[in-house]
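J.: Dumping the structure here so I can ask a few things about it.
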Amino acid sequence: MSSKKKVLLKVIILGDSGVGKTSLMNQFVNKKFSNQYKATIGADFLTKEVIVDDRIVTMQIWDTAGQERFQSLGVAFYRGADCCVLVFDVTAPNTFKSLESWKDEFLIQASPRDPENFPFVILGNKVDLENRAVSAKRAQQWCQSKNDIPYFETSAKEAVNVELAFQTIARNVLAQETDAELYNEFPDQLKLTANDNGRNRDGDNCAC
Amino acid sequence: MHEAYEVSPLLTVTVQIETIAAYDGNLLLGTRQGHLLMYSLSTNNGNQGKYGLQLLRYCKNFSKKPIQQIEVIPEKNLLLCLSDYVLSTYDINGVNFPLIETFPQTKGASLFALDNKSTTSMTGESNSVVRLCVAVRRKLQLYYGKNGQFKQHLFDFSIPDVPKVLAWGQEYLCVGFKAEYTFYDLSSGKPKELFPTGSSKSLEPTIAKYSETSFLLGRDQTSVLVEETQDIEIKKTIRWSEPPISVVWDEPFVLGLLQDQVVVQTVEPSLFIQTIPELNKARLMYRCKRGLIFVSSVGQVWCLSSVDVTKQRQQLLKDKQFQIAITLTKLSECSQEEKEHSQRSIQKLFALDLFDSKEYAQSMKEFIKLNIDPAEVIELFPDLDSKPGPESSKNKKLKGKDLENALKALIDYLLALRANIGKNTSQVSGSQEEGGSQRNVTQQLELIDTTLLKCYLQTNDAFVASLLRLNNCRLEEAEKTLLQHGKYSELIILYQTKGQHTKALQLLRDQAKQPDSSLKGYSRTKNYMQNLGAEHINLIFKFSDWILKEHPEEGLKIFTEDKVEVENLPRPKILDFLLREHETLVIPYLEHVIHTWNDTNSLFHDALIRMYREKITDKKGAVTEEEIQHTKSKLLAFLEKSVHYTPERVILHFPNDSLFEERAVILGKLGRHEQALAIYVQILGDVDRAVRYCENVSENSNDQNQDVYVMLMKILVNPENSNALSGPLEKVPRNPKTAVPDLETALNILEKHGDKISPLKALSVLPDDVPLTRLKRFLECALDAQLTLKRRTQVLKGLLSAEHMQVQELKQFHESKSVVINDYNVCPVCKKRFGNQSAFVRYPNGDIVHYSCRLDK
């Protein structure tokens with residue numbers, strides 16, 4: 001793997017309805033914010049290229065509907081995700097509480113190879129609002145208890161920490177990936193050649 | 001061996017058969033001699049095959065020349081016949097097939113192709129659209145037929161050679177020449193050359209229509225499946241043992257006429273099905289309808305009819321040819337319901353077979369398509385099946401790698417089901433059966449998740465915790481399985497989500513002592529209880545006991561952690577509990593409640609004071625002197641700082657023989673300054689402290705406190721007569737230092753704080769024998785103060801009377817103004833004159849209005 005290889009990262013944003021998933025994505029990709037609330041239906045993605053160290057990374061960010069938990073989207077959709085961003089609203093304690101079940105549901109559906117070390121990021125959104133109900137300390141504590149998930153306090157409206165959070169996501173996933181690749185390189189190669197042999201034998205009775 | 005078709009020899013004739021055609025149950029033969037024979041097919045009870053023929057008509061002088069090709073359009077009762085190189089149409093029902101029309105422009109024709117499509121119009125009429133292509137030498141003539149009339153297209157297509165075979169596609173005409181195939185675009189006539197009929201030598205071309213847009217074209221010993229899409233595309237090739245004479249597609253089989261035999265194959269997947277031998281010198285093949293094909297040689301006719309679908313299916317299932325069985329069932333003529341039923345059962349067999357042959361992933365995909373009860377799938381895994389029925393020999397246990405792969409496939413299957421269930425529930429809403437279906441869904445989810453749990457325990461137990469937290473598993477089964485695998489940590493999660501807190505806490509307590517358990521120690525129990533919340537407070541009391549005993553400091557965090565659940569626990573109850581069972585922890589607990597959570601409930605403040613006091617006075621334990629001093633300073637600081645305790649109640653329990661300083665603070669809070677001061681001076685002998693006390697009080701003073709200095713002086717000057725320390729403190733030994741009257745100090749105070757002391761009261765306290773000179777400074781001060789006050793008041797009086805004069809003068813000035821009102825004055829608001837008695841208002845600018853109009857202006 002060359003260090004300048006172009007990479008595509010699939011990032012999935014999850015969280016209760018109305019916490020600002022779409023706004024965060026829009027702020028990051030388009031630098032735009034609207035106060036109007038429009039419920040997302042199904043799932044949609046935007047892409048953005050970021051540069052991490054000397055690599056160009058294309059982030060494919062999937063925004064999902066928070067209303068129906070995972071229901072309209074199949075297992076296939078979650079498979080192959082490189083990172084999962086869990087968002088809650090710092091003014092709504094319930095959205096913080098449901099982080100755990102979002103995380104669990106994601107793990108079950110996505111079935112990553114190493115669920116214990118799958119990269120998650122938690123975003124506490126809407127810090128610009130005054131009626132805050134979940135303290136940074138409590139959120140931080142929870143993230144620490146969950147295998148030290150990175151935590152960011154963001155505001156999609158004021159563009160606070162949005163760029164930084166997504167940069168960190170890209171960086172963490174890349175770090176994770178290099179580990180995984182190093183670990184898997186050798187056995188994978190063996191497997192491939194074995195498969196190829198088998199296919200060639202089948203191909204002998206090709207009609208042409 | 002699978003038998004798709006059975007052969008019935010139909011007839012041997014002496015004439016030379018040149019061409020055959022068939023429609024409905026009728027067979028037409030055209031001969032070299034120009035005869036036309038028409039037969040009808042009938043079921044035969046004899047041994048000689050299933051069918052027999054009955055001669056309907058025999059037209060001996062149909063044509064003078066050999067009949068080259070015939071086709072029938074049954075809807076229009078039309079017979080098309082190519083004879084003597086001219087195309088003609090005949091009425092098929094008339095006696096001796098009367099001629100309708102001859103197309104003179106087709107003179108020289110060698111071949112034609114018919115395309116008959118019946119469409120149903122919007123009014124329900126069925127219309128047949130006929131397209132006809134006639135090859136006349138090196139030209140293709142196109143006709144469009146409607147209502148039995150044929151109209152010729154304006155253009156003919158020029159082609160390089162005389163075609164051998166022709167077939168209609170959708171947008172192309174497929175033409176086979178002597179050595180190659182070409183597609184002609186119907187709209188432009190442009191050719192698209194495909195490939196030669198043979199790689200080495202040229203062969204007779206064969207075309208079989210595979211669908212509306214695809215053809216099977218013979219090439220060497222194969223038939224190539226070609227599809228006309230955007231572009232023309234080669235999809236697949238089918239192999240024969242020799243170049244076929246003719247090929248026919250009879251879904252799902254392709255039949256190739258070879259030397260003296262017909263070979264039956266399938267296209268996808270390509271499988272050899274059957275050989276029908278002993279068709280001596282057969283050279284023509286014509287498909288009448290599905291499952292009925294006529295084959296003829298020069299003098300003989302056979303019929304190939306498809307074997308009954310049920311019978312075929314049995315054989316196919318035995319051979320495990322599920323795909324063909326499904327296709328056949330789809331095409332069969334039985335009712336929709338029956339079709340679906342048998343199709344499902346075949347699919348199920350297929351899926352099971354895939355499972356048996358270890359194609360687990362494939363098998364699970366089939367199961368998903370089938371949408372069958374997941375319980376049936378789970379039954380394939382005896383290890384996972386929950387029903388403890390008789391050890392079924394039907395499903396053998398899987399082992400090793402197979403088991404692993406199978407479980408992986410099963411997990412995928414279950415996850416897909418899960419997603420489906422979610423999808424369905426989000427769609428079903430407001431229907432009446434919602435209650436029922438909801439229950440059903442929960443049951444399904446339970447089954448799926450419980451099974452998933454078992455799978456994960458065997459494959460990747462890192463998912464177990466997440467799965468359990470989603471809380472769909474069946475408690476008993478999950479509990480049993482987790483215990484089997486020794487997953488205590490996960491078992492706790494199960495209990496937690498299911499609300500089985502007692503069980504969880506018991507398990508935690510038992511496991512805490514196991515040296516090699518994953519739940520060793522107290523921290524899991526602590527965390528668990530921190531999440532329980534107020535409604536389980538009694539449970540928390542019950543199970544926190546052992547931790548509080550063994551790890552008091554950490555254990556106390558059960559009640560003091562910075563968590564919402566913990567903060568909302570009922571504090572009075574906790575206090576009560578701690579007082580009863582763990583008294584040593586009361587002080588740290590209360591300190592946390594008061595200092596960290598800023599609780600203002602006087603209950604806790606009082607209790608904390610009591611606890612401090614008891615700690616100091618009850619010296620029963622081995623409390624060091626240092627600790628007592630520390631507690632004392634905390635008590636004193638707290639008494640001074642806190643505003644939420646009730647001094648009346650607190651003071652009652654304070655001892656009469658110690659803690660005087662603390663008592664003084666409380667007395668101060670109660671406003672009993674005299675007593676407080678008496679304690680400082682007479683008992684503690686600490687005059688400085690008493691002075692500081694006075695300063696404090698007068699700083700946050702209202703008037704009545706000004707007397708504190710006088711009180712202090714009185715105590716100092718006249719210790720014996722002071723009756724402040726009556727009651728319980730009567731007997732306390734007085735400090736000898738202040739037992740004698742201390743006039744000096746009293747006078748010093750008087751001098752220093754003279755401005756805050758009322759001179760009259762001060763003088764009344766001082767004994768008469770104080771020399772006047774000693775009081776000189778105070779008196780001067782007091783006199784000065786009085787004088788200042790007097791002068792100040794005089795100045796104020798002067799200023800006020802001056803102001804009064806000014807106001808008087810202003811009043812007179814205003815009163816001296818006058819207005820004249822006569823008949824010419826009009827109110828600017830209502831435009832009326834002022835009557836005799838009307839009250840009016842004059843504005844500063846001189847306007848005069850009626851009194852009642854003043855608001856309207």
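Labels for the structure tokens follow display order: chains A, B, ..., residues from 1 in each chain, ligands from 1.
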Give one line per residue of chain B that approaches chain A to at most 12 Å, naming the two atoms of the closest pair and their distance in Å to one decimal, counting only C-alpha atoms; sort by chain then ascending residue number and deliver it as a tab-separated table.
T.:
```
residue	atom	partner	partner_atom	distance
B:Ser199	CA	A:Cys208	CA	10.9
B:Arg219	CA	A:Cys208	CA	10.9
B:Asp220	CA	A:Cys208	CA	10.9
B:Gln221	CA	A:Ala207	CA	10.0
B:Thr222	CA	A:Ala207	CA	8.5
B:Ser223	CA	A:Ala207	CA	10.6
B:Val224	CA	A:Ala207	CA	10.2
B:Ile234	CA	A:Cys208	CA	11.8
B:Lys236	CA	A:Ala207	CA	9.1
B:Thr237	CA	A:Ala207	CA	6.9
B:Ile238	CA	A:Ala207	CA	8.1
B:Arg239	CA	A:Ala207	CA	7.6
B:Trp240	CA	A:Ala207	CA	10.9
B:Ser270	CA	A:Ala207	CA	11.5
B:Lys408	CA	A:Ser111	CA	10.5
B:Ile411	CA	A:Ser111	CA	9.4
B:Asp412	CA	A:Val75	CA	8.4
B:Tyr413	CA	A:Val75	CA	10.0
B:Leu414	CA	A:Gln109	CA	10.0
B:Leu415	CA	A:Gln109	CA	6.5
B:Ala416	CA	A:Val75	CA	6.2
B:Leu417	CA	A:Val75	CA	9.5
B:Arg418	CA	A:Gln71	CA	8.7
B:Ala419	CA	A:Gly74	CA	5.7
B:Asn420	CA	A:Gln71	CA	7.5
B:Ile421	CA	A:Gln71	CA	7.9
B:Gly422	CA	A:Gln71	CA	4.5
B:Lys423	CA	A:Gln71	CA	4.9
B:Asn424	CA	A:Gln71	CA	8.4
B:Thr425	CA	A:Gln71	CA	8.5
B:Ser426	CA	A:Gln71	CA	7.2
B:Gln427	CA	A:Ser72	CA	9.5
B:Asp449	CA	A:Ile108	CA	10.2
B:Leu452	CA	A:Ile108	CA	9.6
B:Leu453	CA	A:Ile108	CA	10.6
B:Tyr456	CA	A:Ile108	CA	10.2
B:Thr459	CA	A:Arg113	CA	11.3
B:Asn460	CA	A:Asp114	CA	9.0
B:Asp461	CA	A:Pro115	CA	9.6
B:Ala462	CA	A:Pro115	CA	6.3
B:Phe463	CA	A:Ile108	CA	6.7
B:Val464	CA	A:Ile108	CA	9.0
B:Ala465	CA	A:Asp104	CA	8.2
B:Ser466	CA	A:Asp104	CA	4.5
B:Leu467	CA	A:Asp104	CA	6.6
B:Leu468	CA	A:Asp104	CA	8.9
B:Arg469	CA	A:Ser101	CA	7.1
B:Leu470	CA	A:Ser101	CA	6.4
B:Asn471	CA	A:Ser101	CA	9.7
B:Asn472	CA	A:Glu105	CA	11.6
B:Thr497	CA	A:Ser101	CA	11.6
B:Asn527	CA	A:Ser145	CA	10.8
B:Glu561	CA	A:Arg138	CA	10.9
B:Asp562	CA	A:Arg138	CA	7.9
B:Lys563	CA	A:Arg138	CA	7.4
B:Val564	CA	A:Arg138	CA	9.1
B:Glu565	CA	A:Arg138	CA	11.9
```
J.: Rounded to one decimal place, report the atom CA of B:Glu3-atom CA of B:Leu279 distance in Å.
T.: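 Going from atom CA of B:Glu3 over to atom CA of B:Leu279 covers 16.5 Å.
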J.: Rounded to one decimal place, report the atom CA of B:Leu28-atom CA of B:Ile70 distance in Å.
T.: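 Computing it gives 8.1 Å between the two atoms.
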J.: Quick one: pull the distance between atom CA of B:Ser297 and atom CA of B:Asn280, Å, one decimal.
T.: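 Rounded to one decimal, the two atoms are 7.1 Å apart.
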J.: Write out as an MDAnalysis selection string each polymer residue whose atoms come within 12 Å of A:Lys48, counting only C-alpha atoms; drop sequence neighbours fewer than 2 positions from it.
T.: chainID A and resid 7:11 25:31 45:46 50:51 56:62 163 166:167 170
J.: For N, CA and C atoms, I'd like the residues from the last selection saved as a PDB file, in the first residue's frame.
T.:
```pdb
ATOM      1  N   VAL A   7      -7.964   7.107  -1.062  1.00  0.00           N
ATOM      2  CA  VAL A   7      -8.765   6.278  -0.175  1.00  0.00           C
ATOM      3  C   VAL A   7     -10.206   6.771  -0.135  1.00  0.00           C
ATOM      4  N   LEU A   8     -11.122   5.856  -0.050  1.00  0.00           N
ATOM      5  CA  LEU A   8     -12.528   6.218   0.130  1.00  0.00           C
ATOM      6  C   LEU A   8     -12.979   5.717   1.505  1.00  0.00           C
ATOM      7  N   LEU A   9     -13.471   6.609   2.317  1.00  0.00           N
ATOM      8  CA  LEU A   9     -13.940   6.215   3.636  1.00  0.00           C
ATOM      9  C   LEU A   9     -15.451   6.330   3.690  1.00  0.00           C
ATOM     10  N   LYS A  10     -16.076   5.279   4.153  1.00  0.00           N
ATOM     11  CA  LYS A  10     -17.527   5.318   4.293  1.00  0.00           C
ATOM     12  C   LYS A  10     -17.842   5.641   5.754  1.00  0.00           C
ATOM     13  N   VAL A  11     -18.454   6.781   5.950  1.00  0.00           N
ATOM     14  CA  VAL A  11     -18.756   7.243   7.305  1.00  0.00           C
ATOM     15  C   VAL A  11     -20.266   7.309   7.464  1.00  0.00           C
ATOM     16  N   MET A  25     -23.564  17.389   8.536  1.00  0.00           N
ATOM     17  CA  MET A  25     -22.999  16.981   7.263  1.00  0.00           C
ATOM     18  C   MET A  25     -22.966  18.175   6.308  1.00  0.00           C
ATOM     19  N   ASN A  26     -24.059  18.921   6.280  1.00  0.00           N
ATOM     20  CA  ASN A  26     -24.137  20.067   5.389  1.00  0.00           C
ATOM     21  C   ASN A  26     -23.112  21.127   5.749  1.00  0.00           C
ATOM     22  N   GLN A  27     -22.921  21.324   7.027  1.00  0.00           N
ATOM     23  CA  GLN A  27     -21.948  22.306   7.471  1.00  0.00           C
ATOM     24  C   GLN A  27     -20.550  21.874   7.038  1.00  0.00           C
ATOM     25  N   PHE A  28     -20.281  20.594   7.210  1.00  0.00           N
ATOM     26  CA  PHE A  28     -18.933  20.101   6.881  1.00  0.00           C
ATOM     27  C   PHE A  28     -18.703  20.147   5.373  1.00  0.00           C
ATOM     28  N   VAL A  29     -19.671  19.682   4.595  1.00  0.00           N
ATOM     29  CA  VAL A  29     -19.456  19.556   3.163  1.00  0.00           C
ATOM     30  C   VAL A  29     -19.725  20.877   2.436  1.00  0.00           C
ATOM     31  N   ASN A  30     -20.833  21.512   2.758  1.00  0.00           N
ATOM     32  CA  ASN A  30     -21.225  22.694   1.985  1.00  0.00           C
ATOM     33  C   ASN A  30     -21.025  24.013   2.716  1.00  0.00           C
ATOM     34  N   LYS A  31     -20.633  23.942   3.977  1.00  0.00           N
ATOM     35  CA  LYS A  31     -20.467  25.137   4.804  1.00  0.00           C
ATOM     36  C   LYS A  31     -21.767  25.938   4.873  1.00  0.00           C
ATOM     37  N   PHE A  45     -26.080  10.422   0.792  1.00  0.00           N
ATOM     38  CA  PHE A  45     -24.696  10.690   1.160  1.00  0.00           C
ATOM     39  C   PHE A  45     -24.112  11.845   0.358  1.00  0.00           C
ATOM     40  N   LEU A  46     -23.144  12.499   0.966  1.00  0.00           N
ATOM     41  CA  LEU A  46     -22.365  13.521   0.286  1.00  0.00           C
ATOM     42  C   LEU A  46     -20.904  13.104   0.406  1.00  0.00           C
ATOM     43  N   VAL A  50     -10.730  15.292   1.848  1.00  0.00           N
ATOM     44  CA  VAL A  50      -9.911  15.954   2.852  1.00  0.00           C
ATOM     45  C   VAL A  50      -8.492  15.430   2.716  1.00  0.00           C
ATOM     46  N   ILE A  51      -7.562  16.209   3.202  1.00  0.00           N
ATOM     47  CA  ILE A  51      -6.167  15.758   3.122  1.00  0.00           C
ATOM     48  C   ILE A  51      -5.683  15.438   4.521  1.00  0.00           C
ATOM     49  N   ILE A  56      -4.799  11.948   0.053  1.00  0.00           N
ATOM     50  CA  ILE A  56      -6.110  12.521  -0.249  1.00  0.00           C
ATOM     51  C   ILE A  56      -7.142  11.478   0.149  1.00  0.00           C
ATOM     52  N   VAL A  57      -8.037  11.867   0.987  1.00  0.00           N
ATOM     53  CA  VAL A  57      -9.050  10.937   1.464  1.00  0.00           C
ATOM     54  C   VAL A  57     -10.419  11.439   1.026  1.00  0.00           C
ATOM     55  N   THR A  58     -11.175  10.598   0.362  1.00  0.00           N
ATOM     56  CA  THR A  58     -12.536  10.969  -0.003  1.00  0.00           C
ATOM     57  C   THR A  58     -13.468  10.423   1.064  1.00  0.00           C
ATOM     58  N   MET A  59     -14.136  11.325   1.722  1.00  0.00           N
ATOM     59  CA  MET A  59     -15.064  10.867   2.755  1.00  0.00           C
ATOM     60  C   MET A  59     -16.458  10.796   2.156  1.00  0.00           C
ATOM     61  N   GLN A  60     -17.022   9.620   2.238  1.00  0.00           N
ATOM     62  CA  GLN A  60     -18.393   9.452   1.768  1.00  0.00           C
ATOM     63  C   GLN A  60     -19.254   9.420   3.026  1.00  0.00           C
ATOM     64  N   ILE A  61     -19.983  10.495   3.235  1.00  0.00           N
ATOM     65  CA  ILE A  61     -20.682  10.634   4.504  1.00  0.00           C
ATOM     66  C   ILE A  61     -22.148  10.307   4.320  1.00  0.00           C
ATOM     67  N   TRP A  62     -22.598   9.283   5.006  1.00  0.00           N
ATOM     68  CA  TRP A  62     -23.983   8.834   4.876  1.00  0.00           C
ATOM     69  C   TRP A  62     -24.806   9.408   6.010  1.00  0.00           C
ATOM     70  N   GLU A 163     -15.300  20.846  11.491  1.00  0.00           N
ATOM     71  CA  GLU A 163     -14.153  20.486  10.659  1.00  0.00           C
ATOM     72  C   GLU A 163     -13.202  19.577  11.433  1.00  0.00           C
ATOM     73  N   PHE A 166     -14.495  15.946  11.887  1.00  0.00           N
ATOM     74  CA  PHE A 166     -14.417  15.079  10.712  1.00  0.00           C
ATOM     75  C   PHE A 166     -12.972  14.775  10.336  1.00  0.00           C
ATOM     76  N   GLN A 167     -12.098  15.745  10.544  1.00  0.00           N
ATOM     77  CA  GLN A 167     -10.677  15.487  10.319  1.00  0.00           C
ATOM     78  C   GLN A 167     -10.205  14.339  11.199  1.00  0.00           C
ATOM     79  N   ALA A 170     -11.350  10.986   9.955  1.00  0.00           N
ATOM     80  CA  ALA A 170     -10.549  10.470   8.845  1.00  0.00           C
ATOM     81  C   ALA A 170      -9.214   9.930   9.353  1.00  0.00           C
TER      82      ALA A 170
END
```
J.: Assign secondary structure with DSSP using the backbone only, and return the residues of stretch 7-205 of chain A in strand (DSSP E or B) as an MDAnalysis selection string.
T.: chainID A and resid 7:14 43:52 55:64 83:89 120:125 151:153 155 160
J.: As a ChimeraX atom specification, please: the residues near stretch 151-160 of chain A (cut-off 9 Å, only C-alpha atoms, same-chain neighbours under 4 positions excluded).
T.: /A:20-21,23-28,31-35,90,121-129,136,139-140,143-144,164-165
J.: Go ahead and dump the residues you just picked, N, CA and C atoms, as a tab-separated table (two decimals), in the first residue's frame.
T.:
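Saved as out.tsv:
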```
chain	number	residue	atom	x	y	z
A	20	GLY	N	-29.42	16.89	14.57
A	20	GLY	CA	-28.60	17.72	13.68
A	20	GLY	C	-27.62	16.95	12.81
A	21	LYS	N	-27.98	15.73	12.48
A	21	LYS	CA	-27.09	14.93	11.63
A	21	LYS	C	-26.92	15.57	10.26
A	23	SER	N	-27.58	18.60	9.39
A	23	SER	CA	-26.95	19.91	9.49
A	23	SER	C	-25.44	19.79	9.63
A	24	LEU	N	-25.00	18.83	10.41
A	24	LEU	CA	-23.56	18.64	10.60
A	24	LEU	C	-22.91	18.30	9.27
A	25	MET	N	-23.56	17.39	8.54
A	25	MET	CA	-23.00	16.98	7.26
A	25	MET	C	-22.97	18.18	6.31
A	26	ASN	N	-24.06	18.92	6.28
A	26	ASN	CA	-24.14	20.07	5.39
A	26	ASN	C	-23.11	21.13	5.75
A	27	GLN	N	-22.92	21.32	7.03
A	27	GLN	CA	-21.95	22.31	7.47
A	27	GLN	C	-20.55	21.87	7.04
A	28	PHE	N	-20.28	20.59	7.21
A	28	PHE	CA	-18.93	20.10	6.88
A	28	PHE	C	-18.70	20.15	5.37
A	31	LYS	N	-20.63	23.94	3.98
A	31	LYS	CA	-20.47	25.14	4.80
A	31	LYS	C	-21.77	25.94	4.87
A	32	LYS	N	-22.86	25.25	4.99
A	32	LYS	CA	-24.15	25.93	5.03
A	32	LYS	C	-24.94	25.43	6.22
A	33	PHE	N	-25.80	26.32	6.71
A	33	PHE	CA	-26.67	25.90	7.79
A	33	PHE	C	-28.04	26.54	7.61
A	34	SER	N	-29.08	25.77	7.91
A	34	SER	CA	-30.43	26.33	7.85
A	34	SER	C	-31.14	25.99	9.14
A	35	ASN	N	-31.88	26.97	9.64
A	35	ASN	CA	-32.59	26.75	10.89
A	35	ASN	C	-33.81	25.87	10.73
A	90	VAL	N	-27.05	18.25	22.95
A	90	VAL	CA	-26.67	18.52	24.34
A	90	VAL	C	-27.82	19.14	25.15
A	121	VAL	N	-17.17	7.86	16.73
A	121	VAL	CA	-16.92	9.21	17.22
A	121	VAL	C	-18.24	9.74	17.77
A	122	ILE	N	-18.19	10.39	18.92
A	122	ILE	CA	-19.42	10.95	19.49
A	122	ILE	C	-19.40	12.48	19.31
A	123	LEU	N	-20.47	13.01	18.83
A	123	LEU	CA	-20.58	14.46	18.70
A	123	LEU	C	-21.74	14.96	19.56
A	124	GLY	N	-21.44	15.88	20.46
A	124	GLY	CA	-22.49	16.53	21.22
A	124	GLY	C	-22.81	17.84	20.50
A	125	ASN	N	-23.94	17.85	19.81
A	125	ASN	CA	-24.24	18.98	18.92
A	125	ASN	C	-25.11	20.04	19.63
A	126	LYS	N	-25.20	21.18	19.00
A	126	LYS	CA	-26.03	22.32	19.45
A	126	LYS	C	-25.46	22.99	20.71
A	127	VAL	N	-24.15	23.05	20.83
A	127	VAL	CA	-23.58	23.71	22.01
A	127	VAL	C	-23.82	25.21	21.98
A	128	ASP	N	-24.28	25.74	20.83
A	128	ASP	CA	-24.57	27.17	20.79
A	128	ASP	C	-25.83	27.52	21.59
A	129	LEU	N	-26.67	26.55	21.85
A	129	LEU	CA	-27.91	26.84	22.58
A	129	LEU	C	-27.64	27.03	24.07
A	136	ALA	N	-20.60	18.57	29.58
A	136	ALA	CA	-19.46	18.03	28.83
A	136	ALA	C	-18.78	16.94	29.64
A	139	ALA	N	-20.70	13.64	29.38
A	139	ALA	CA	-20.54	13.04	28.05
A	139	ALA	C	-19.15	12.43	27.93
A	140	GLN	N	-18.16	13.21	28.38
A	140	GLN	CA	-16.79	12.74	28.33
A	140	GLN	C	-16.61	11.45	29.12
A	143	CYS	N	-18.00	8.51	27.25
A	143	CYS	CA	-17.15	8.13	26.14
A	143	CYS	C	-15.92	7.36	26.64
A	144	GLN	N	-15.41	7.81	27.77
A	144	GLN	CA	-14.25	7.12	28.32
A	144	GLN	C	-14.61	5.70	28.72
A	164	LEU	N	-12.93	19.98	12.65
A	164	LEU	CA	-11.98	19.23	13.48
A	164	LEU	C	-12.48	17.81	13.70
A	165	ALA	N	-13.76	17.67	13.99
A	165	ALA	CA	-14.31	16.35	14.27
A	165	ALA	C	-14.15	15.44	13.06
```
J.: Excluding same-chain residues fewer than 6 positions from A:Val19, what lies within 7 Å of it counting only C-alpha atoms, as number ranges by chain?
T.: A: 87-89, 125
